[in-house]
Structure formats: C-alpha cells, structure tokens
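This is final.cif. It holds mmCIF, N, CA and C atoms.
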```
data_upload
#
loop_
_atom_site.label_atom_id
_atom_site.label_comp_id
_atom_site.auth_asym_id
_atom_site.auth_seq_id
_atom_site.Cartn_x
_atom_site.Cartn_y
_atom_site.Cartn_z
N GLY E 230 0.79 -1.20 0.00
CA GLY E 230 0.00 0.00 0.00
C GLY E 230 0.83 1.26 0.00
N ARG E 231 2.13 1.14 -0.10
CA ARG E 231 2.99 2.32 -0.11
C ARG E 231 2.85 3.04 -1.45
N LEU E 232 2.97 4.34 -1.42
CA LEU E 232 2.83 5.14 -2.63
C LEU E 232 3.81 4.69 -3.71
N SER E 233 5.01 4.27 -3.32
CA SER E 233 6.03 3.89 -4.30
C SER E 233 5.68 2.60 -5.04
N THR E 234 4.76 1.79 -4.51
CA THR E 234 4.38 0.55 -5.17
C THR E 234 3.13 0.72 -6.03
N MET E 235 2.55 1.91 -6.01
CA MET E 235 1.34 2.18 -6.79
C MET E 235 1.73 2.70 -8.16
N ASN E 236 0.91 2.37 -9.16
CA ASN E 236 1.20 2.90 -10.48
C ASN E 236 0.78 4.39 -10.53
N PRO E 237 1.22 5.13 -11.55
CA PRO E 237 0.92 6.56 -11.60
C PRO E 237 -0.57 6.89 -11.57
N ASN E 238 -1.41 6.05 -12.17
CA ASN E 238 -2.86 6.31 -12.12
C ASN E 238 -3.40 6.14 -10.70
N GLN E 239 -2.92 5.13 -10.00
CA GLN E 239 -3.34 4.94 -8.61
C GLN E 239 -2.88 6.11 -7.75
N GLN E 240 -1.66 6.56 -7.96
CA GLN E 240 -1.15 7.70 -7.21
C GLN E 240 -1.98 8.95 -7.49
N ALA E 241 -2.32 9.18 -8.75
CA ALA E 241 -3.09 10.37 -9.12
C ALA E 241 -4.49 10.32 -8.50
N ALA E 242 -5.12 9.15 -8.52
CA ALA E 242 -6.45 9.01 -7.92
C ALA E 242 -6.41 9.26 -6.42
N LEU E 243 -5.39 8.74 -5.76
CA LEU E 243 -5.24 8.95 -4.33
C LEU E 243 -4.99 10.42 -4.01
N MET E 244 -4.14 11.06 -4.79
CA MET E 244 -3.87 12.49 -4.56
C MET E 244 -5.13 13.33 -4.78
N SER E 245 -5.93 12.99 -5.78
CA SER E 245 -7.18 13.71 -6.03
C SER E 245 -8.12 13.57 -4.84
N LEU E 246 -8.24 12.34 -4.33
CA LEU E 246 -9.10 12.08 -3.17
C LEU E 246 -8.64 12.88 -1.97
N ILE E 247 -7.35 12.78 -1.64
CA ILE E 247 -6.82 13.47 -0.46
C ILE E 247 -6.91 14.98 -0.61
N HIS E 248 -6.65 15.49 -1.80
CA HIS E 248 -6.77 16.93 -2.04
C HIS E 248 -8.20 17.39 -1.80
N ASN E 249 -9.17 16.60 -2.20
CA ASN E 249 -10.57 16.97 -2.09
C ASN E 249 -11.10 16.86 -0.66
N VAL E 250 -10.80 15.77 0.03
CA VAL E 250 -11.38 15.56 1.36
C VAL E 250 -10.48 16.08 2.48
N GLY E 251 -9.20 16.26 2.20
CA GLY E 251 -8.25 16.67 3.23
C GLY E 251 -7.59 15.45 3.86
N TYR E 252 -6.32 15.59 4.21
CA TYR E 252 -5.57 14.46 4.74
C TYR E 252 -6.16 13.95 6.05
N ASP E 253 -6.51 14.85 6.95
CA ASP E 253 -7.06 14.41 8.24
C ASP E 253 -8.35 13.63 8.08
N THR E 254 -9.23 14.08 7.18
CA THR E 254 -10.48 13.37 6.94
C THR E 254 -10.21 12.01 6.31
N PHE E 255 -9.23 11.93 5.42
CA PHE E 255 -8.87 10.66 4.80
C PHE E 255 -8.29 9.70 5.83
N ARG E 256 -7.48 10.20 6.73
CA ARG E 256 -6.78 9.31 7.67
C ARG E 256 -7.55 9.01 8.95
N PHE E 257 -8.29 10.00 9.47
CA PHE E 257 -8.89 9.83 10.79
C PHE E 257 -10.40 10.00 10.77
N LYS E 258 -11.06 9.30 11.70
CA LYS E 258 -12.48 9.53 11.97
C LYS E 258 -12.63 9.65 13.48
N GLY E 259 -13.67 10.34 13.90
CA GLY E 259 -13.90 10.52 15.33
C GLY E 259 -13.10 11.69 15.89
N GLU E 260 -13.33 11.95 17.16
CA GLU E 260 -12.68 13.07 17.85
C GLU E 260 -12.07 12.60 19.16
N GLY E 261 -11.05 13.32 19.62
CA GLY E 261 -10.46 13.07 20.93
C GLY E 261 -10.06 11.63 21.15
N GLU E 262 -10.52 11.05 22.26
CA GLU E 262 -10.18 9.67 22.59
C GLU E 262 -10.81 8.68 21.62
N ASN E 263 -11.83 9.10 20.90
CA ASN E 263 -12.50 8.22 19.93
C ASN E 263 -11.89 8.31 18.54
N ARG E 264 -10.81 9.09 18.38
CA ARG E 264 -10.19 9.26 17.07
C ARG E 264 -9.44 8.00 16.67
N THR E 265 -9.79 7.45 15.52
CA THR E 265 -9.15 6.25 15.00
C THR E 265 -8.88 6.44 13.51
N GLU E 266 -8.07 5.56 12.95
CA GLU E 266 -7.79 5.63 11.52
C GLU E 266 -8.98 5.09 10.74
N THR E 267 -9.22 5.67 9.58
CA THR E 267 -10.34 5.22 8.74
C THR E 267 -10.03 3.84 8.16
N SER E 268 -11.08 3.14 7.81
CA SER E 268 -10.93 1.83 7.17
C SER E 268 -10.21 1.96 5.83
N ALA E 269 -10.48 3.05 5.11
CA ALA E 269 -9.81 3.27 3.82
C ALA E 269 -8.31 3.41 4.02
N PHE E 270 -7.90 4.20 5.01
CA PHE E 270 -6.47 4.41 5.28
C PHE E 270 -5.80 3.10 5.68
N LYS E 271 -6.45 2.34 6.57
CA LYS E 271 -5.87 1.08 7.03
C LYS E 271 -5.75 0.08 5.89
N ALA E 272 -6.78 0.00 5.04
CA ALA E 272 -6.74 -0.94 3.92
C ALA E 272 -5.63 -0.57 2.94
N LEU E 273 -5.49 0.72 2.66
CA LEU E 273 -4.44 1.16 1.74
C LEU E 273 -3.06 0.80 2.28
N ASN E 274 -2.85 1.03 3.57
CA ASN E 274 -1.55 0.71 4.17
C ASN E 274 -1.24 -0.78 4.15
N LYS E 275 -2.28 -1.61 4.17
CA LYS E 275 -2.08 -3.07 4.10
C LYS E 275 -1.93 -3.56 2.67
N GLY E 276 -2.18 -2.67 1.70
CA GLY E 276 -2.12 -3.08 0.31
C GLY E 276 -3.39 -3.79 -0.14
N ASP E 277 -4.46 -3.67 0.64
CA ASP E 277 -5.75 -4.28 0.32
C ASP E 277 -6.55 -3.29 -0.53
N TYR E 278 -6.25 -3.29 -1.83
CA TYR E 278 -6.84 -2.29 -2.73
C TYR E 278 -8.34 -2.49 -2.93
N ASP E 279 -8.81 -3.73 -2.88
CA ASP E 279 -10.25 -3.96 -3.04
C ASP E 279 -11.03 -3.29 -1.92
N THR E 280 -10.59 -3.51 -0.68
CA THR E 280 -11.26 -2.88 0.47
C THR E 280 -11.08 -1.37 0.41
N PHE E 281 -9.88 -0.91 0.06
CA PHE E 281 -9.64 0.52 -0.05
C PHE E 281 -10.61 1.16 -1.03
N MET E 282 -10.77 0.54 -2.21
CA MET E 282 -11.64 1.14 -3.22
C MET E 282 -13.09 1.23 -2.72
N THR E 283 -13.55 0.22 -2.02
CA THR E 283 -14.90 0.27 -1.47
C THR E 283 -15.02 1.36 -0.42
N GLU E 284 -14.09 1.38 0.51
CA GLU E 284 -14.14 2.34 1.61
C GLU E 284 -13.97 3.78 1.14
N ALA E 285 -13.18 3.99 0.10
CA ALA E 285 -12.90 5.34 -0.37
C ALA E 285 -13.86 5.82 -1.45
N PHE E 286 -14.18 4.94 -2.41
CA PHE E 286 -14.86 5.38 -3.62
C PHE E 286 -16.31 4.94 -3.76
N ASP E 287 -16.79 4.03 -2.91
CA ASP E 287 -18.16 3.52 -3.03
C ASP E 287 -19.16 4.68 -3.01
N PRO E 288 -20.17 4.64 -3.91
CA PRO E 288 -21.12 5.77 -4.00
C PRO E 288 -22.01 5.95 -2.78
N ASN E 289 -22.03 4.98 -1.88
CA ASN E 289 -22.85 5.11 -0.68
C ASN E 289 -22.04 5.22 0.60
N GLN E 290 -20.91 4.51 0.67
CA GLN E 290 -20.14 4.52 1.91
C GLN E 290 -18.78 5.18 1.79
N GLY E 291 -18.37 5.55 0.59
CA GLY E 291 -17.07 6.20 0.43
C GLY E 291 -17.11 7.64 0.92
N PHE E 292 -16.12 8.40 0.55
CA PHE E 292 -16.05 9.82 0.95
C PHE E 292 -16.97 10.63 0.05
N VAL E 293 -18.28 10.46 0.24
CA VAL E 293 -19.29 11.08 -0.62
C VAL E 293 -20.24 12.00 0.13
N LYS E 294 -19.97 12.23 1.41
CA LYS E 294 -20.88 13.05 2.22
C LYS E 294 -20.27 14.39 2.57
N ALA E 295 -21.14 15.39 2.62
CA ALA E 295 -20.77 16.71 3.14
C ALA E 295 -21.93 17.14 4.04
N GLY E 296 -21.63 17.51 5.27
CA GLY E 296 -22.68 17.87 6.20
C GLY E 296 -23.63 16.73 6.48
N GLY E 297 -23.14 15.50 6.39
CA GLY E 297 -23.96 14.33 6.66
C GLY E 297 -24.83 13.87 5.51
N GLU E 298 -24.80 14.59 4.40
CA GLU E 298 -25.62 14.23 3.23
C GLU E 298 -24.76 13.73 2.09
N VAL E 299 -25.25 12.68 1.42
CA VAL E 299 -24.58 12.19 0.21
C VAL E 299 -24.82 13.20 -0.91
N LEU E 300 -23.75 13.61 -1.56
CA LEU E 300 -23.85 14.58 -2.65
C LEU E 300 -23.51 13.93 -3.99
N GLY E 301 -24.34 14.19 -4.99
CA GLY E 301 -24.12 13.63 -6.31
C GLY E 301 -22.78 14.01 -6.91
N GLY E 302 -22.37 15.24 -6.68
CA GLY E 302 -21.08 15.69 -7.21
C GLY E 302 -19.92 14.90 -6.62
N LEU E 303 -20.01 14.59 -5.33
CA LEU E 303 -18.96 13.79 -4.69
C LEU E 303 -19.02 12.35 -5.17
N GLN E 304 -20.21 11.83 -5.41
CA GLN E 304 -20.33 10.48 -5.95
C GLN E 304 -19.68 10.40 -7.33
N ARG E 305 -19.91 11.41 -8.16
CA ARG E 305 -19.30 11.42 -9.50
C ARG E 305 -17.78 11.52 -9.40
N ARG E 306 -17.31 12.38 -8.51
CA ARG E 306 -15.85 12.53 -8.36
C ARG E 306 -15.22 11.23 -7.88
N ARG E 307 -15.83 10.60 -6.87
CA ARG E 307 -15.28 9.33 -6.38
C ARG E 307 -15.32 8.27 -7.47
N GLY E 308 -16.35 8.25 -8.30
CA GLY E 308 -16.42 7.30 -9.40
C GLY E 308 -15.30 7.51 -10.39
N ALA E 309 -15.01 8.77 -10.71
CA ALA E 309 -13.91 9.07 -11.63
C ALA E 309 -12.57 8.67 -11.02
N GLU E 310 -12.41 8.94 -9.73
CA GLU E 310 -11.16 8.55 -9.05
C GLU E 310 -11.02 7.03 -9.02
N ARG E 311 -12.13 6.33 -8.76
CA ARG E 311 -12.11 4.86 -8.76
C ARG E 311 -11.70 4.34 -10.14
N ASP E 312 -12.30 4.89 -11.19
CA ASP E 312 -11.97 4.45 -12.54
C ASP E 312 -10.50 4.68 -12.86
N LEU E 313 -9.98 5.83 -12.46
CA LEU E 313 -8.56 6.12 -12.67
C LEU E 313 -7.69 5.17 -11.87
N PHE E 314 -8.07 4.90 -10.61
CA PHE E 314 -7.31 4.01 -9.74
C PHE E 314 -7.20 2.61 -10.36
N MET E 315 -8.23 2.18 -11.06
CA MET E 315 -8.26 0.83 -11.63
C MET E 315 -7.59 0.72 -12.99
N GLN E 316 -7.22 1.86 -13.60
CA GLN E 316 -6.58 1.83 -14.93
C GLN E 316 -5.14 1.35 -14.86
N ASP E 317 -4.81 0.45 -15.74
CA ASP E 317 -3.42 0.01 -15.88
C ASP E 317 -2.66 1.04 -16.70
N ILE E 318 -1.38 1.03 -16.56
CA ILE E 318 -0.52 1.92 -17.35
C ILE E 318 -0.08 1.20 -18.60
#
```
Starting from the coordinates I provided, produce the structure as structure tokens.
Amino acid sequence: GRLSTMNPNQQAALMSLIHNVGYDTFRFKGEGENRTETSAFKALNKGDYDTFMTEAFDPNQGFVKAGGEVLGGLQRRRGAERDLFMQDI
C-alpha cells in the first residue's frame, strides 16, 4: 500500500481524493479519545486495494458526504477517481 508501489494512475487518484477531502479526513475519523484511523487508510496501508476502493470510492459509503448528506457531485468525483485508480498503465 505504499505510494512507491502504486502505479501513476493509482497515485493520481489517491492524490485527487486526499486533495478533495483533506488528509485528516482521509486518515482519521472521530474526535479526541475516539479518534481512529479510517478503514480506507488502514486498507491502503495493508495493500488491500479492493477494500480501499470500497471504503474510499463507493457511491454510498465512500467519501461522498458533506454535512452528513450524500452529494451527487462527490459520488461522481469518487467514481472518476475509482476508474482512474483501476486503470493500468
């Protein structure tokens, strides 16, 4: 799951995601003593790309909410990032 083992399309998709949601939102959920790493972050670090793609890009459970609501624009962006992440070089 290290950046150096990812192909350029995977790197670009990840950078797009992190740029859009912010690094803290990508890496952490919860506050204070309840702050833990997100499932997407943990899966990526383990190299579990299937779980990462679901946790990050899924149109219902990925990073698609703002203010607690699922937004169509975020669903489209995550879909484009997912498609890029899956492209071979």
*asked:* Taking 2 positions as the minimum chain separation for residues in the same chain, which residues sit within 6 Å of segment 280-291 of chain E when counting all atoms listed in the file? Answer as a ChimeraX atom specification.
replied: /E:268-269,272-273,277-278,293-294,304,307-308,311
Can you list what the PyMOL selection byres (((chain E and resi 233-247 and name CA) around 10) and name CA) grabs from this structure, as a compact mmCIF listing (two decimals) with N, CA and C atoms, in the coordinates of the input?
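The file below, out-v9.txt, is the result:
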```
# COMPACT_ATOMS: atom_id res chain seq x y z
N GLY E 230 0.79 -1.20 0.00
CA GLY E 230 0.00 0.00 0.00
C GLY E 230 0.83 1.26 0.00
N ARG E 231 2.13 1.14 -0.10
CA ARG E 231 2.99 2.32 -0.11
C ARG E 231 2.85 3.04 -1.45
N LEU E 232 2.97 4.34 -1.42
CA LEU E 232 2.83 5.14 -2.63
C LEU E 232 3.81 4.69 -3.71
N HIS E 248 -6.65 15.49 -1.80
CA HIS E 248 -6.77 16.93 -2.04
C HIS E 248 -8.20 17.39 -1.80
N ASN E 249 -9.17 16.60 -2.20
CA ASN E 249 -10.57 16.97 -2.09
C ASN E 249 -11.10 16.86 -0.66
N VAL E 250 -10.80 15.77 0.03
CA VAL E 250 -11.38 15.56 1.36
C VAL E 250 -10.48 16.08 2.48
N GLY E 251 -9.20 16.26 2.20
CA GLY E 251 -8.25 16.67 3.23
C GLY E 251 -7.59 15.45 3.86
N TYR E 252 -6.32 15.59 4.21
CA TYR E 252 -5.57 14.46 4.74
C TYR E 252 -6.16 13.95 6.05
N ASP E 253 -6.51 14.85 6.95
CA ASP E 253 -7.06 14.41 8.24
C ASP E 253 -8.35 13.63 8.08
N THR E 254 -9.23 14.08 7.18
CA THR E 254 -10.48 13.37 6.94
C THR E 254 -10.21 12.01 6.31
N PHE E 255 -9.23 11.93 5.42
CA PHE E 255 -8.87 10.66 4.80
C PHE E 255 -8.29 9.70 5.83
N ARG E 256 -7.48 10.20 6.73
CA ARG E 256 -6.78 9.31 7.67
C ARG E 256 -7.55 9.01 8.95
N LEU E 273 -5.49 0.72 2.66
CA LEU E 273 -4.44 1.16 1.74
C LEU E 273 -3.06 0.80 2.28
N GLY E 276 -2.18 -2.67 1.70
CA GLY E 276 -2.12 -3.08 0.31
C GLY E 276 -3.39 -3.79 -0.14
N TYR E 278 -6.25 -3.29 -1.83
CA TYR E 278 -6.84 -2.29 -2.73
C TYR E 278 -8.34 -2.49 -2.93
N ALA E 285 -13.18 3.99 0.10
CA ALA E 285 -12.90 5.34 -0.37
C ALA E 285 -13.86 5.82 -1.45
N PHE E 286 -14.18 4.94 -2.41
CA PHE E 286 -14.86 5.38 -3.62
C PHE E 286 -16.31 4.94 -3.76
N PHE E 292 -16.12 8.40 0.55
CA PHE E 292 -16.05 9.82 0.95
C PHE E 292 -16.97 10.63 0.05
N ARG E 306 -17.31 12.38 -8.51
CA ARG E 306 -15.85 12.53 -8.36
C ARG E 306 -15.22 11.23 -7.88
N ARG E 307 -15.83 10.60 -6.87
CA ARG E 307 -15.28 9.33 -6.38
C ARG E 307 -15.32 8.27 -7.47
N ALA E 309 -15.01 8.77 -10.71
CA ALA E 309 -13.91 9.07 -11.63
C ALA E 309 -12.57 8.67 -11.02
N GLU E 310 -12.41 8.94 -9.73
CA GLU E 310 -11.16 8.55 -9.05
C GLU E 310 -11.02 7.03 -9.02
N ARG E 311 -12.13 6.33 -8.76
CA ARG E 311 -12.11 4.86 -8.76
C ARG E 311 -11.70 4.34 -10.14
N ASP E 312 -12.30 4.89 -11.19
CA ASP E 312 -11.97 4.45 -12.54
C ASP E 312 -10.50 4.68 -12.86
N LEU E 313 -9.98 5.83 -12.46
CA LEU E 313 -8.56 6.12 -12.67
C LEU E 313 -7.69 5.17 -11.87
N PHE E 314 -8.07 4.90 -10.61
CA PHE E 314 -7.31 4.01 -9.74
C PHE E 314 -7.20 2.61 -10.36
N MET E 315 -8.23 2.18 -11.06
CA MET E 315 -8.26 0.83 -11.63
C MET E 315 -7.59 0.72 -12.99
N GLN E 316 -7.22 1.86 -13.60
CA GLN E 316 -6.58 1.83 -14.93
C GLN E 316 -5.14 1.35 -14.86
N ASP E 317 -4.81 0.45 -15.74
CA ASP E 317 -3.42 0.01 -15.88
C ASP E 317 -2.66 1.04 -16.70
N ILE E 318 -1.38 1.03 -16.56
CA ILE E 318 -0.52 1.92 -17.35
C ILE E 318 -0.08 1.20 -18.60
```
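For the pair atom CA of Phe257 of chain E and atom C of Asp279 of chain E, the interatomic distance is 18.4 Å.
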*Determine which residues of chain E receive a DSSP assignment of strand (DSSP E), computed from the backbone, and state them as a list in words.*
Phe257, Lys258, Thr265, Glu266, Lys294, Ala295, Glu298 and Val299 of chain E
Can those selected residues be exported to a file as a PDB file, in the coordinates of the input so that it contains N, CA and C atoms?
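So part11.pdb came out as:
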```
ATOM      1  N   PHE E 257      -8.290  10.000   9.470  1.00  0.00           N
ATOM      2  CA  PHE E 257      -8.890   9.830  10.790  1.00  0.00           C
ATOM      3  C   PHE E 257     -10.400  10.000  10.770  1.00  0.00           C
ATOM      4  N   LYS E 258     -11.060   9.300  11.700  1.00  0.00           N
ATOM      5  CA  LYS E 258     -12.480   9.530  11.970  1.00  0.00           C
ATOM      6  C   LYS E 258     -12.630   9.650  13.480  1.00  0.00           C
ATOM      7  N   THR E 265      -9.790   7.450  15.520  1.00  0.00           N
ATOM      8  CA  THR E 265      -9.150   6.250  15.000  1.00  0.00           C
ATOM      9  C   THR E 265      -8.880   6.440  13.510  1.00  0.00           C
ATOM     10  N   GLU E 266      -8.070   5.560  12.950  1.00  0.00           N
ATOM     11  CA  GLU E 266      -7.790   5.630  11.520  1.00  0.00           C
ATOM     12  C   GLU E 266      -8.980   5.090  10.740  1.00  0.00           C
ATOM     13  N   LYS E 294     -19.970  12.230   1.410  1.00  0.00           N
ATOM     14  CA  LYS E 294     -20.880  13.050   2.220  1.00  0.00           C
ATOM     15  C   LYS E 294     -20.270  14.390   2.570  1.00  0.00           C
ATOM     16  N   ALA E 295     -21.140  15.390   2.620  1.00  0.00           N
ATOM     17  CA  ALA E 295     -20.770  16.710   3.140  1.00  0.00           C
ATOM     18  C   ALA E 295     -21.930  17.140   4.040  1.00  0.00           C
ATOM     19  N   GLU E 298     -24.800  14.590   4.400  1.00  0.00           N
ATOM     20  CA  GLU E 298     -25.620  14.230   3.230  1.00  0.00           C
ATOM     21  C   GLU E 298     -24.760  13.730   2.090  1.00  0.00           C
ATOM     22  N   VAL E 299     -25.250  12.680   1.420  1.00  0.00           N
ATOM     23  CA  VAL E 299     -24.580  12.190   0.210  1.00  0.00           C
ATOM     24  C   VAL E 299     -24.820  13.200  -0.910  1.00  0.00           C
TER      25      VAL E 299
END
```
*How many Å lie between atom C of Arg264 of chain E and atom CA of Gly296 of chain E, rounded to one decimal?*
19.6 Å
Hey, could you pull the box centre and edge lengths for segment 300-315 of chain E, axis-aligned, 8 Å padding per side, all listed atoms, to one decimal in Å, as JSON?
```
{"center_x": -15.8, "center_y": 8.2, "center_z": -7.3, "size_x": 33.1, "size_y": 31.0, "size_z": 27.4}
```
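Atom to atom, atom CA of Gly261 of chain E and atom N of Gly301 of chain E stand 29.4 Å apart.
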